[in-house]
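Colleague: Below is the file entry.cif, with mmCIF, C-alpha atoms.
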```
data_coords
loop_
_atom_site.group_PDB
_atom_site.id
_atom_site.type_symbol
_atom_site.label_atom_id
_atom_site.label_comp_id
_atom_site.auth_asym_id
_atom_site.auth_seq_id
_atom_site.Cartn_x
_atom_site.Cartn_y
_atom_site.Cartn_z
ATOM 1 C CA MET A 204 20.819 3.023 -22.801
ATOM 2 C CA VAL A 205 17.645 2.682 -20.698
ATOM 3 C CA ARG A 206 15.964 -0.697 -20.907
ATOM 4 C CA SER A 207 12.214 -0.721 -21.354
ATOM 5 C CA ARG A 208 10.095 -2.628 -18.897
ATOM 6 C CA SER A 209 9.255 -6.094 -20.126
ATOM 7 C CA TYR A 210 6.348 -6.745 -17.813
ATOM 8 C CA ASP A 211 2.754 -5.659 -17.374
ATOM 9 C CA GLU A 212 2.995 -3.012 -14.647
ATOM 10 C CA ASP A 213 -0.693 -3.262 -13.700
ATOM 11 C CA GLU A 214 -0.370 -7.020 -13.236
ATOM 12 C CA VAL A 215 2.812 -6.648 -11.180
ATOM 13 C CA LEU A 216 1.220 -3.966 -8.991
ATOM 14 C CA ALA A 217 -1.939 -6.033 -8.528
ATOM 15 C CA ARG A 218 0.178 -8.965 -7.357
ATOM 16 C CA ALA A 219 2.241 -6.743 -5.062
ATOM 17 C CA MET A 220 -0.968 -5.159 -3.729
ATOM 18 C CA HIS A 221 -2.360 -8.584 -2.806
ATOM 19 C CA ALA A 222 0.941 -9.588 -1.205
ATOM 20 C CA PHE A 223 0.953 -6.455 0.966
ATOM 21 C CA ARG A 224 -2.722 -6.990 1.844
ATOM 22 C CA ARG A 225 -2.007 -10.580 2.841
ATOM 23 C CA GLU A 226 1.321 -10.158 4.667
ATOM 24 C CA GLY A 227 1.547 -6.477 5.573
ATOM 25 C CA TYR A 228 4.503 -4.242 4.788
ATOM 26 C CA ALA A 229 6.739 -5.480 7.604
ATOM 27 C CA GLY A 230 5.750 -9.086 7.022
ATOM 28 C CA ILE A 231 6.925 -9.310 3.434
ATOM 29 C CA SER A 232 10.493 -9.587 2.197
ATOM 30 C CA ILE A 233 12.010 -8.781 -1.170
ATOM 31 C CA PRO A 234 12.259 -12.535 -1.983
ATOM 32 C CA GLN A 235 8.546 -12.859 -1.194
ATOM 33 C CA LEU A 236 7.817 -9.860 -3.442
ATOM 34 C CA GLU A 237 9.888 -11.525 -6.171
ATOM 35 C CA ALA A 238 7.732 -14.652 -5.849
ATOM 36 C CA ALA A 239 4.489 -12.655 -5.725
ATOM 37 C CA THR A 240 5.248 -10.371 -8.671
ATOM 38 C CA GLY A 241 7.431 -12.562 -10.857
ATOM 39 C CA LEU A 242 10.062 -9.826 -10.936
ATOM 40 C CA SER A 243 13.676 -10.256 -9.915
ATOM 41 C CA SER A 244 14.976 -8.152 -7.036
ATOM 42 C CA GLY A 245 16.976 -6.169 -9.588
ATOM 43 C CA SER A 246 13.819 -5.345 -11.531
ATOM 44 C CA ILE A 247 12.025 -4.342 -8.324
ATOM 45 C CA TYR A 248 14.864 -2.004 -7.356
ATOM 46 C CA ASN A 249 15.291 -0.632 -10.895
ATOM 47 C CA SER A 250 11.564 -0.040 -11.363
ATOM 48 C CA PHE A 251 10.473 1.059 -7.894
ATOM 49 C CA GLY A 252 13.643 2.002 -6.020
ATOM 50 C CA ASP A 253 13.090 -0.256 -3.028
ATOM 51 C CA LYS A 254 10.455 -2.116 -1.029
ATOM 52 C CA ARG A 255 8.902 1.164 0.095
ATOM 53 C CA GLY A 256 8.665 2.313 -3.538
ATOM 54 C CA ILE A 257 6.812 -0.794 -4.683
ATOM 55 C CA PHE A 258 4.551 -0.488 -1.624
ATOM 56 C CA PHE A 259 3.619 3.108 -2.536
ATOM 57 C CA ALA A 260 3.016 2.087 -6.171
ATOM 58 C CA ALA A 261 0.905 -0.894 -5.064
ATOM 59 C CA PHE A 262 -1.051 1.344 -2.690
ATOM 60 C CA GLU A 263 -1.799 3.808 -5.512
ATOM 61 C CA HIS A 264 -2.867 0.871 -7.664
ATOM 62 C CA TYR A 265 -5.222 -0.223 -4.865
ATOM 63 C CA VAL A 266 -6.783 3.237 -4.651
ATOM 64 C CA GLN A 267 -7.409 3.329 -8.401
ATOM 65 C CA ALA A 268 -8.217 -0.303 -9.172
ATOM 66 C CA VAL A 269 -10.163 -1.213 -6.048
ATOM 67 C CA LEU A 270 -11.429 1.800 -4.101
ATOM 68 C CA GLU A 271 -12.244 4.165 -6.966
ATOM 69 C CA GLN A 272 -13.679 1.338 -9.084
ATOM 70 C CA ARG A 273 -15.886 0.172 -6.215
ATOM 71 C CA ILE A 274 -17.129 3.745 -5.726
ATOM 72 C CA ALA A 275 -17.787 4.158 -9.458
ATOM 73 C CA GLN A 276 -19.713 0.907 -9.551
ATOM 74 C CA TYR A 277 -21.830 1.232 -6.410
ATOM 75 C CA ALA A 278 -21.858 4.793 -5.072
ATOM 76 C CA ARG A 279 -22.399 7.099 -8.022
ATOM 77 C CA PRO A 280 -24.049 10.447 -7.226
ATOM 78 C CA GLU A 281 -27.354 9.316 -8.712
ATOM 79 C CA ASP A 282 -27.363 6.218 -6.475
ATOM 80 C CA GLY A 283 -27.787 8.297 -3.285
ATOM 81 C CA LEU A 284 -28.016 6.591 0.102
ATOM 82 C CA PRO A 285 -29.008 3.210 -1.425
ATOM 83 C CA GLY A 286 -25.717 3.320 -3.371
ATOM 84 C CA LEU A 287 -23.742 3.998 -0.205
ATOM 85 C CA ARG A 288 -25.526 1.131 1.520
ATOM 86 C CA GLN A 289 -24.627 -1.116 -1.413
ATOM 87 C CA LEU A 290 -20.988 0.046 -1.236
ATOM 88 C CA PHE A 291 -20.841 -1.067 2.393
ATOM 89 C CA LEU A 292 -22.556 -4.380 1.611
ATOM 90 C CA THR A 293 -20.018 -5.141 -1.132
ATOM 91 C CA LEU A 294 -17.332 -5.169 1.550
ATOM 92 C CA LEU A 295 -18.819 -8.483 2.681
ATOM 93 C CA ARG A 296 -17.940 -10.079 -0.670
ATOM 94 C CA GLU A 297 -14.257 -10.096 -1.580
ATOM 95 C CA PRO A 298 -13.904 -10.443 -5.360
ATOM 96 C CA ASP A 299 -11.566 -13.418 -4.959
ATOM 97 C CA GLY A 300 -13.420 -14.905 -1.987
ATOM 98 C CA ARG A 301 -10.502 -14.333 0.398
ATOM 99 C CA THR A 302 -10.371 -11.935 3.328
ATOM 100 C CA PHE A 303 -6.996 -10.225 3.076
ATOM 101 C CA GLY A 304 -8.702 -6.994 4.050
ATOM 102 C CA CYS A 305 -8.486 -3.482 2.729
ATOM 103 C CA LEU A 306 -4.968 -2.189 2.056
ATOM 104 C CA ILE A 307 -5.983 1.207 3.463
ATOM 105 C CA THR A 308 -7.290 -0.281 6.708
ATOM 106 C CA ASN A 309 -4.440 -2.766 7.057
ATOM 107 C CA SER A 310 -1.904 0.017 6.470
ATOM 108 C CA ALA A 311 -3.614 2.309 8.981
ATOM 109 C CA ILE A 312 -3.174 -0.369 11.620
ATOM 110 C CA GLU A 313 0.408 -1.140 10.627
ATOM 111 C CA PHE A 314 1.680 2.421 10.057
ATOM 112 C CA GLY A 315 -0.426 4.320 12.593
ATOM 113 C CA ALA A 316 2.584 6.008 14.221
ATOM 114 C CA ASP A 317 4.431 6.761 10.962
ATOM 115 C CA ARG A 318 2.919 10.110 9.972
ATOM 116 C CA LYS A 319 4.928 10.308 6.727
ATOM 117 C CA VAL A 320 3.581 6.999 5.419
ATOM 118 C CA MET A 321 0.099 7.735 6.750
ATOM 119 C CA LYS A 322 -0.037 11.099 4.973
ATOM 120 C CA SER A 323 1.004 9.740 1.593
ATOM 121 C CA THR A 324 -1.178 6.630 1.693
ATOM 122 C CA VAL A 325 -3.793 6.013 4.354
ATOM 123 C CA PHE A 326 -4.962 9.604 4.807
ATOM 124 C CA ARG A 327 -5.422 9.838 1.033
ATOM 125 C CA GLY A 328 -7.773 6.848 1.123
ATOM 126 C CA PHE A 329 -9.592 8.238 4.159
ATOM 127 C CA ASP A 330 -10.015 11.584 2.389
ATOM 128 C CA ILE A 331 -11.534 9.952 -0.708
ATOM 129 C CA LEU A 332 -14.029 8.078 1.450
ATOM 130 C CA GLU A 333 -14.876 11.001 3.747
ATOM 131 C CA ARG A 334 -15.507 13.321 0.781
ATOM 132 C CA LEU A 335 -17.653 10.662 -0.885
ATOM 133 C CA PHE A 336 -19.718 10.178 2.259
ATOM 134 C CA ALA A 337 -20.090 13.935 2.872
ATOM 135 C CA ASP A 338 -21.174 14.554 -0.744
ATOM 136 C CA ARG A 339 -23.742 11.746 -0.745
ATOM 137 C CA LEU A 340 -25.133 12.726 2.671
ATOM 138 C CA ALA A 341 -25.400 16.402 1.667
ATOM 139 C CA ALA A 342 -27.217 15.420 -1.525
ATOM 140 C CA ALA A 343 -29.561 13.154 0.447
ATOM 141 C CA LYS A 344 -30.243 15.941 2.926
ATOM 142 C CA SER A 345 -31.073 18.375 0.120
ATOM 143 C CA ILE A 346 -33.883 16.106 -1.097
ATOM 144 C CA GLY A 347 -35.127 15.087 2.345
ATOM 145 C CA ALA A 348 -33.752 11.545 2.166
ATOM 146 C CA LEU A 349 -31.424 12.043 5.161
ATOM 147 C CA ARG A 350 -32.678 12.296 8.712
ATOM 148 C CA ALA A 351 -32.974 16.038 9.453
ATOM 149 C CA THR A 352 -30.860 15.869 12.629
ATOM 150 C CA ILE A 353 -27.790 14.507 10.830
ATOM 151 C CA ASP A 354 -25.056 16.919 9.788
ATOM 152 C CA PRO A 355 -23.508 15.602 6.537
ATOM 153 C CA ARG A 356 -19.914 16.395 7.580
ATOM 154 C CA ALA A 357 -20.239 14.764 10.999
ATOM 155 C CA GLY A 358 -22.138 11.882 9.407
ATOM 156 C CA ALA A 359 -19.305 11.424 6.912
ATOM 157 C CA VAL A 360 -16.758 10.991 9.710
ATOM 158 C CA ARG A 361 -19.089 8.535 11.429
ATOM 159 C CA LEU A 362 -19.461 6.546 8.190
ATOM 160 C CA LEU A 363 -15.689 6.586 7.672
ATOM 161 C CA ALA A 364 -15.177 5.140 11.154
ATOM 162 C CA PHE A 365 -17.958 2.595 10.561
ATOM 163 C CA TYR A 366 -16.512 1.618 7.148
ATOM 164 C CA GLN A 367 -13.086 1.010 8.665
ATOM 165 C CA GLY A 368 -14.624 -0.913 11.561
ATOM 166 C CA VAL A 369 -16.559 -3.137 9.168
ATOM 167 C CA LEU A 370 -13.328 -3.917 7.328
ATOM 168 C CA VAL A 371 -11.517 -4.813 10.565
ATOM 169 C CA LEU A 372 -14.373 -7.131 11.592
ATOM 170 C CA ILE A 373 -14.311 -8.832 8.191
ATOM 171 C CA ARG A 374 -10.523 -9.293 8.292
ATOM 172 C CA ALA A 375 -10.833 -10.773 11.785
ATOM 173 C CA GLY A 376 -13.388 -13.323 10.562
ATOM 174 C CA TYR A 377 -16.315 -11.891 12.521
ATOM 175 C CA ASP A 378 -19.835 -13.178 11.802
ATOM 176 C CA LEU A 379 -20.816 -11.658 8.437
ATOM 177 C CA LYS A 380 -24.548 -11.941 9.182
ATOM 178 C CA LYS A 381 -24.063 -9.670 12.191
ATOM 179 C CA VAL A 382 -21.998 -7.225 10.127
ATOM 180 C CA ARG A 383 -24.653 -7.176 7.382
ATOM 181 C CA HIS A 384 -27.308 -6.476 10.020
ATOM 182 C CA ALA A 385 -25.208 -3.620 11.460
ATOM 183 C CA ILE A 386 -24.819 -2.072 7.980
ATOM 184 C CA HIS A 387 -28.562 -2.167 7.378
ATOM 185 C CA ASN A 388 -29.222 -0.670 10.828
ATOM 186 C CA GLU A 389 -26.757 2.157 10.210
ATOM 187 C CA PHE A 390 -28.382 3.106 6.913
ATOM 188 C CA ASN A 391 -31.907 2.713 8.277
ATOM 189 C CA ASN A 392 -30.938 5.230 10.963
ATOM 190 C CA LEU A 393 -29.630 7.663 8.350
ATOM 191 C CA GLU A 394 -32.753 7.709 6.211
ATOM 192 C CA GLY A 395 -35.180 10.588 6.738
#
```
Output the structure of this file as structure tokens.

Modeller:
Amino acid sequence: MVRSRSYDEDEVLARAMHAFRREGYAGISIPQLEAATGLSSGSIYNSFGDKRGIFFAAFEHYVQAVLEQRIAQYARPEDGLPGLRQLFLTLLREPDGRTFGCLITNSAIEFGADRKVMKSTVFRGFDILERLFADRLAAAKSIGALRATIDPRAGAVRLLAFYQGVLVLIRAGYDLKKVRHAIHNEFNNLEG
């Protein structure tokens, strides 16, 4: 007989997500995941297979609960370039006030050489962001709101690199006033 799960999976994944953001994949043990999630090691293995399984589930939770929600809130199609600017500015304010960083960015740094992990996690996050940036830049160009010399696809890659760089600076504790100024400069340079 299969036992039903007696925990809130979203809550468990949110806790695991924060633990991986804070400690990294290599830096966290199963006992630490037990403490973070409130699950026993048996429940972790039964529900997710292993540490890698809970990491992948937590990463997917991050994409849906953090990245896609942030996009839906700040960078809707009708928000145009001002919405993208606002999306970048929200990176300066962690919802919980801590700077554990972005799970996508942290994972890119940690798993850079592991193409299998990168393909199933980090590249998925990069793709979501690059498509978002390309769509918003193309729309801005079509109404004359984007500088005429900017190609939306090339601009999207530039924004992806800038977005990731902003997140690394924030995680490192860099001066947020300087980062805010850089974000405004970037978007001022995009506007037509």

Colleague: Mind dumping a table of every stretch 236-316 of chain A residue within 8 Å of stretch 322-346 of chain A, with the nearest atom pair and its distance in Å to one decimal, using all atoms listed in the file, sorted by chain and rising number, as JSON lines?

Modeller:
```
{"residue": "A:Phe259", "atom": "CA", "partner": "A:Thr324", "partner_atom": "CA", "distance": 7.3}
{"residue": "A:Phe262", "atom": "CA", "partner": "A:Thr324", "partner_atom": "CA", "distance": 6.9}
{"residue": "A:Glu263", "atom": "CA", "partner": "A:Thr324", "partner_atom": "CA", "distance": 7.8}
{"residue": "A:Val266", "atom": "CA", "partner": "A:Gly328", "partner_atom": "CA", "distance": 6.9}
{"residue": "A:Pro280", "atom": "CA", "partner": "A:Arg339", "partner_atom": "CA", "distance": 6.6}
{"residue": "A:Gly283", "atom": "CA", "partner": "A:Arg339", "partner_atom": "CA", "distance": 5.9}
{"residue": "A:Leu284", "atom": "CA", "partner": "A:Arg339", "partner_atom": "CA", "distance": 6.7}
{"residue": "A:Leu287", "atom": "CA", "partner": "A:Arg339", "partner_atom": "CA", "distance": 7.8}
{"residue": "A:Ile307", "atom": "CA", "partner": "A:Val325", "partner_atom": "CA", "distance": 5.4}
{"residue": "A:Thr308", "atom": "CA", "partner": "A:Val325", "partner_atom": "CA", "distance": 7.6}
{"residue": "A:Ser310", "atom": "CA", "partner": "A:Val325", "partner_atom": "CA", "distance": 6.6}
{"residue": "A:Ala311", "atom": "CA", "partner": "A:Val325", "partner_atom": "CA", "distance": 5.9}
```

Colleague: On this structure, which residues satisfy the PyMOL selection byres ((chain A and resi 255) around 12), written as a ChimeraX atom specification?

Modeller: /A:219,223,227-229,231-233,236,247-248,250-254,256-262,319-320,323-324

Colleague: From the list A:Glu237, A:Asp317, A:Asp378, A:Glu281, which residue is nearest A:Val215 when using all atoms listed in the file?

Modeller: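 Closest candidate: A:Glu237.
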
Colleague: Every residue with an atom at most 12 Å from (-18.1, 7.3, 10.1) (file coordinates; all atoms listed in the file) is what I'm after, so could you write them as an NGL selection string?

Modeller: :A and (291 or 329-330 or 332-337 or 340 or 354-369 or 386 or 389-390 or 393)

Colleague: Dump as an mmCIF file with C-alpha atoms, keeping the file's coordinate frame all residues having an atom at most 12 Å from (-24.0, 2.0, -9.8), computed in the file's coordinates with only C-alpha atoms.

Modeller:
```
data_model
loop_
_atom_site.group_PDB
_atom_site.id
_atom_site.type_symbol
_atom_site.label_atom_id
_atom_site.label_comp_id
_atom_site.auth_asym_id
_atom_site.auth_seq_id
_atom_site.Cartn_x
_atom_site.Cartn_y
_atom_site.Cartn_z
ATOM 1 C CA GLN A 272 -13.679 1.338 -9.084
ATOM 2 C CA ARG A 273 -15.886 0.172 -6.215
ATOM 3 C CA ILE A 274 -17.129 3.745 -5.726
ATOM 4 C CA ALA A 275 -17.787 4.158 -9.458
ATOM 5 C CA GLN A 276 -19.713 0.907 -9.551
ATOM 6 C CA TYR A 277 -21.830 1.232 -6.410
ATOM 7 C CA ALA A 278 -21.858 4.793 -5.072
ATOM 8 C CA ARG A 279 -22.399 7.099 -8.022
ATOM 9 C CA PRO A 280 -24.049 10.447 -7.226
ATOM 10 C CA GLU A 281 -27.354 9.316 -8.712
ATOM 11 C CA ASP A 282 -27.363 6.218 -6.475
ATOM 12 C CA GLY A 283 -27.787 8.297 -3.285
ATOM 13 C CA LEU A 284 -28.016 6.591 0.102
ATOM 14 C CA PRO A 285 -29.008 3.210 -1.425
ATOM 15 C CA GLY A 286 -25.717 3.320 -3.371
ATOM 16 C CA LEU A 287 -23.742 3.998 -0.205
ATOM 17 C CA ARG A 288 -25.526 1.131 1.520
ATOM 18 C CA GLN A 289 -24.627 -1.116 -1.413
ATOM 19 C CA LEU A 290 -20.988 0.046 -1.236
ATOM 20 C CA THR A 293 -20.018 -5.141 -1.132
#
```

Colleague: Here's the selection I'm unsure about, the PyMOL selection byres ((chain A and resi 375) around 12); applied to the file above, which residues does it give, as a PyMOL selection string?

Modeller: chain A and resi 301-305+309+368-374+376-379+382

Colleague: Would you work out the distance separating atom CA of A:Ala238 from atom CA of A:Gln267, expressed in Å to one decimal?

Modeller: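 Between these atoms lies a distance of 23.6 Å.
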